[in-house]
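J.: input31.cif is reproduced in full below (mmCIF, C-alpha atoms).
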```cif
data_entry
#
loop_
_atom_site.label_atom_id
_atom_site.label_comp_id
_atom_site.auth_asym_id
_atom_site.auth_seq_id
_atom_site.Cartn_x
_atom_site.Cartn_y
_atom_site.Cartn_z
CA MET Z 1 3.40 0.02 75.82
CA ARG Z 2 5.00 3.31 75.15
CA VAL Z 3 5.16 4.45 71.49
CA THR Z 4 7.74 7.07 70.79
CA LYS Z 5 7.89 9.49 67.95
CA LYS Z 6 11.09 7.82 66.74
CA LYS Z 7 9.36 4.40 66.50
CA ILE Z 8 6.47 5.90 64.48
CA VAL Z 9 8.84 7.55 62.03
CA LEU Z 10 10.83 4.33 61.65
CA THR Z 11 7.66 2.32 61.09
CA VAL Z 12 6.40 4.74 58.42
CA LEU Z 13 9.77 4.74 56.66
CA THR Z 14 9.89 0.94 56.78
CA LEU Z 15 6.41 0.70 55.24
CA MET Z 16 7.34 3.17 52.49
CA MET Z 17 10.49 1.21 51.66
CA ALA Z 18 8.48 -2.02 51.60
CA VAL Z 19 6.04 -0.50 49.09
CA LEU Z 20 8.88 0.71 46.86
CA LEU Z 21 10.77 -2.57 47.03
CA SER Z 22 7.68 -4.72 46.51
CA GLY Z 23 6.87 -2.99 43.24
CA CYS Z 24 3.30 -2.24 44.27
CA LYS Z 25 2.53 0.08 41.37
CA ALA Z 26 -0.95 0.96 42.62
CA LEU Z 27 0.60 2.74 45.61
CA MET Z 28 3.42 4.42 43.70
CA VAL Z 29 3.25 7.76 41.88
CA GLN Z 30 2.52 7.12 38.20
CA GLU Z 31 3.64 9.17 35.20
CA VAL Z 32 0.60 10.44 33.34
CA VAL Z 33 0.48 10.09 29.55
CA ASP Z 34 -2.32 11.91 27.75
CA PRO Z 35 -4.74 9.07 26.85
CA THR Z 36 -6.16 10.90 23.81
CA LYS Z 37 -2.71 10.92 22.22
CA THR Z 38 -1.91 7.25 22.69
CA ALA Z 39 -5.37 5.67 22.92
CA GLY Z 40 -5.10 2.00 21.98
CA GLN Z 41 -1.33 2.24 21.45
CA SER Z 42 1.47 0.79 23.49
CA LEU Z 43 4.28 2.97 24.79
CA TYR Z 44 6.68 3.45 21.90
CA THR Z 45 10.19 2.04 22.33
CA GLY Z 46 11.47 2.27 18.75
CA PHE Z 47 14.09 4.87 19.59
CA ASP Z 48 15.51 3.08 22.64
CA ASN Z 49 18.61 1.77 20.84
CA LEU Z 50 18.95 4.63 18.41
CA GLU Z 51 22.46 5.79 17.66
CA GLU Z 52 22.15 9.57 17.67
CA LYS Z 53 25.31 9.90 15.61
CA GLY Z 54 24.11 7.41 12.96
CA SER Z 55 25.21 8.23 9.45
CA ASP Z 56 22.76 9.30 6.79
CA GLN Z 57 23.73 6.24 4.79
CA ALA Z 58 22.79 3.95 7.68
CA VAL Z 59 19.28 5.45 7.74
CA VAL Z 60 18.91 5.08 3.98
CA SER Z 61 20.28 1.53 3.92
CA GLY Z 62 17.63 0.72 6.55
CA GLY Z 63 14.91 1.88 4.15
CA GLY Z 64 14.55 5.43 5.43
CA LEU Z 65 15.11 8.90 4.11
CA VAL Z 66 17.10 11.93 5.24
CA CYS Z 67 15.81 15.50 5.26
CA ASP Z 68 17.79 18.66 5.82
CA MET Z 69 15.67 21.65 6.83
CA ALA Z 70 12.52 19.68 5.83
CA LYS Z 71 13.87 18.96 2.32
CA VAL Z 72 14.73 15.41 1.23
CA THR Z 73 18.45 14.96 0.57
CA ILE Z 74 18.60 11.17 0.07
CA GLY Z 75 16.21 8.23 0.14
CA MET Z 76 13.40 9.53 -2.09
CA ASP Z 77 13.08 6.05 -3.65
CA HIS Z 78 12.19 4.69 -0.20
CA TRP Z 79 9.51 7.36 0.13
CA GLN Z 80 8.03 6.34 -3.22
CA SER Z 81 7.90 2.72 -2.05
CA PHE Z 82 6.22 3.80 1.21
CA MET Z 83 3.60 5.78 -0.75
CA GLU Z 84 2.89 2.86 -3.08
CA GLN Z 85 2.32 0.57 -0.11
CA THR Z 86 -0.01 3.02 1.63
CA GLU Z 87 -2.02 3.52 -1.56
CA ALA Z 88 -2.45 -0.25 -1.76
CA GLY Z 89 -3.59 -0.32 1.89
CA THR Z 90 -0.57 -2.36 2.97
CA PRO Z 91 0.75 -1.69 6.50
CA CYS Z 92 4.28 -0.25 6.33
CA SER Z 93 6.67 2.19 7.97
CA ILE Z 94 9.55 4.52 7.23
CA ARG Z 95 12.17 6.26 9.39
CA ILE Z 96 12.98 9.87 8.60
CA LYS Z 97 16.19 11.48 9.88
CA GLN Z 98 15.60 15.19 10.21
CA LYS Z 99 18.53 17.57 10.29
CA ALA Z 100 18.02 21.21 11.20
CA GLY Z 101 21.23 23.08 10.55
CA ALA Z 102 23.80 22.82 13.37
CA ALA Z 103 21.28 21.33 15.82
CA GLU Z 104 21.41 17.63 16.75
CA PRO Z 105 19.34 15.61 14.25
CA PHE Z 106 16.14 13.92 15.36
CA TYR Z 107 14.20 11.00 13.95
CA ARG Z 108 10.56 10.52 13.02
CA ASP Z 109 9.03 7.08 12.57
CA LEU Z 110 5.95 7.08 10.38
CA TYR Z 111 3.69 4.03 10.44
CA PHE Z 112 0.68 3.14 8.34
CA ASP Z 113 -1.53 0.40 9.82
CA GLY Z 114 -3.71 -0.03 6.73
CA SER Z 115 -6.06 2.83 7.54
CA ARG Z 116 -4.37 5.44 9.79
CA TYR Z 117 -0.95 7.01 10.16
CA ARG Z 118 1.08 7.22 13.36
CA LEU Z 119 4.02 9.61 13.68
CA ILE Z 120 6.43 9.39 16.61
CA ILE Z 121 9.27 11.91 17.07
CA SER Z 122 12.50 10.86 18.82
CA SER Z 123 13.06 14.07 20.79
CA ASP Z 124 10.25 12.98 23.17
CA PRO Z 125 8.30 9.92 21.97
CA GLU Z 126 5.85 10.09 24.87
CA LYS Z 127 4.93 13.70 24.09
CA TYR Z 128 5.22 13.64 20.29
CA ASP Z 129 3.12 10.62 19.34
CA TYR Z 130 0.40 11.53 16.86
CA THR Z 131 -2.21 9.75 14.76
CA TYR Z 132 -3.67 11.11 11.54
CA ASP Z 133 -6.27 9.97 9.04
CA TYR Z 134 -4.72 11.45 5.90
CA LEU Z 135 -1.32 11.74 4.24
CA TYR Z 136 -1.13 14.40 1.55
CA ASP Z 137 1.49 14.79 -1.15
CA VAL Z 138 0.58 18.05 -2.92
CA THR Z 139 2.23 20.48 -5.29
CA GLY Z 140 1.60 24.12 -6.04
CA ARG Z 141 2.97 27.63 -5.93
CA LYS Z 142 2.87 30.03 -3.02
CA ASN Z 143 2.25 32.82 -5.53
CA LYS Z 144 2.55 33.25 -9.29
CA ASN Z 145 6.22 34.33 -9.04
CA SER Z 146 7.38 31.41 -6.88
CA ARG Z 147 8.71 28.04 -7.96
CA GLN Z 148 6.61 24.89 -8.00
CA SER Z 149 6.85 23.26 -4.57
CA ARG Z 150 5.92 19.82 -3.25
CA ILE Z 151 4.69 19.52 0.33
CA VAL Z 152 4.03 16.23 2.11
CA PHE Z 153 2.04 16.46 5.34
CA LEU Z 154 -0.26 14.55 7.69
CA SER Z 155 -3.63 15.89 8.81
CA ASN Z 156 -7.01 14.86 10.13
CA THR Z 157 -8.63 17.37 7.78
CA LYS Z 158 -10.37 15.69 4.87
CA ASP Z 159 -9.70 17.17 1.43
CA ALA Z 160 -6.86 19.47 2.54
CA ASP Z 161 -4.89 21.04 -0.30
CA PHE Z 162 -1.76 23.03 -1.09
CA GLU Z 163 -3.35 26.37 -0.18
CA ASP Z 164 -4.51 25.06 3.22
CA ILE Z 165 -1.00 24.04 4.18
CA ILE Z 166 0.64 27.21 2.80
CA GLU Z 167 -1.80 29.29 4.87
CA SER Z 168 -0.89 27.27 7.99
CA ILE Z 169 2.91 26.94 7.80
CA GLY Z 170 4.70 29.15 10.31
CA LYS Z 171 1.55 30.18 12.19
CA ASN Z 172 0.72 29.39 15.78
CA ASP Z 173 -1.85 26.66 16.45
CA ASN Z 174 -4.76 29.09 16.81
CA ASP Z 175 -4.10 30.82 13.47
CA GLN Z 176 -3.54 27.71 11.36
CA LYS Z 177 -6.13 26.94 8.75
CA ILE Z 178 -5.67 23.19 9.40
CA ASP Z 179 -4.02 20.99 12.03
CA TYR Z 180 -1.07 19.31 10.31
CA GLN Z 181 2.35 17.74 10.72
CA LEU Z 182 4.86 18.54 7.95
CA VAL Z 183 6.71 15.45 6.73
CA PHE Z 184 8.89 17.21 4.14
CA ARG Z 185 9.08 19.81 1.37
CA HIS Z 186 10.71 19.28 -1.98
CA GLN Z 187 11.43 21.68 -4.85
#
```
Translate the structure of the given file into structure tokens.

T.:
Amino acid sequence: MRVTKKKIVLTVLTLMMAVLLSGCKALMVQEVVDPTKTAGQSLYTGFDNLEEKGSDQAVVSGGGLVCDMAKVTIGMDHWQSFMEQTEAGTPCSIRIKQKAGAAEPFYRDLYFDGSRYRLIISSDPEKYDYTYDYLYDVTGRKNKNSRQSRIVFLSNTKDADFEDIIESIGKNDNDQKIDYQLVFRHQ
């Protein structure tokens, strides 16, 4: 029996198509998700049906809040309710619509499972999926001539304070005093 090069190529292509069509995932190239980021968590699908052009009022009527340049514009009462539930140890969540000037807004879903916080960001939920141990709501002044400021942030640093976050904001990861995720600022 004579095997030609053409028959070998056709056989290989047929086998490859069979693997793809059969759904044999073990033989297919898999997308790698950093396991330390999502350990014990399912792939997040909460933004799948998100209307990017959703109105601020729609977010607030759904129990969320809206921030513009990291400052709350509407929905602070929902934030207070979220904080009360977390302080009581009750699992809860809140959606935050974040506007940044003329750029397209993005969304952050913040979950509390009764002991830890999970923050997922809509711009890339597979990449921006974080867990934190602590949620801080602190106030202070950057210096004696500045106005009182309120900063809400997530961190895995125990006993972080206003000065820690002020010394970290705007610095690259290596120069930050603490690892954090800013939720919002309010003056």

J.: Determine the nearest neighbour of Arg150 in chain Z from the options Z:Leu182, Z:Ile94, Z:Leu65, Z:Ala88, counting only C-alpha atoms.

T.: Z:Leu182

J.: Fewer than 2 positions away in the same chain doesn't count, so skip those; otherwise give me all residues within 9 Å of Ser115 in chain Z, counting all atoms listed in the file, as a count of residues only.

T.: 9

J.: Taking the file as I've supplied it (selection: the PyMOL selection byres ((chain Z and resi 139-143) around 10)), which residues are included? Please answer as a ChimeraX atom specification.

T.: /Z:136-138,144-152,161-163,166-167,185-187

J.: Evaluated on this file, the PyMOL selection byres ((chain Z and resi 56) around 9) picks out some residues - which ones are they, written as a ChimeraX atom specification?

T.: /Z:54-55,57-61,65-66,74,97

J.: Given only C-alpha atoms as the basis, pick out the residue of Z:Asp129, Z:Gln80, Z:Leu135, Z:Thr73 nearest to Arg116 in chain Z.

T.: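 With only C-alpha atoms as the atom set, the closest residue is Z:Leu135.
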
J.: So, with all atoms listed in the file as the atoms that count, which of Z:Ser168, Z:Gln181, Z:Gln85, Z:Phe153 lies closest to Tyr128 in chain Z?

T.: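 Ranked by minimum distance to Tyr128 in chain Z, first place goes to Z:Gln181.
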
J.: Please measure the separation of CA of Arg95 in chain Z and CA of Asp109 in chain Z, giving the value in Å to one decimal.

T.: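 Between CA of Arg95 in chain Z and CA of Asp109 in chain Z the gap works out to 4.5 Å.
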
J.: Could you please determine the separation between CA of Glu126 in chain Z and CA of Lys158 in chain Z in Å, to one decimal place?

T.: 26.4 Å

J.: Using the file's own x, y and z axes, so that the box edges lie along x, y and z, what centre and edge lengths in Å (one decimal) does a box around every listed atom of range 124-128 of chain Z get when 3 Å is added on each side? Give it as JSON.

T.:
```
{"center_x": 7.6, "center_y": 11.8, "center_z": 22.6, "size_x": 11.3, "size_y": 9.8, "size_z": 10.6}
```

J.: Just to confirm, what's the straight-line distance from CA of Asp164 in chain Z to CA of Tyr132 in chain Z in Å (one decimal)?

T.: 16.3 Å
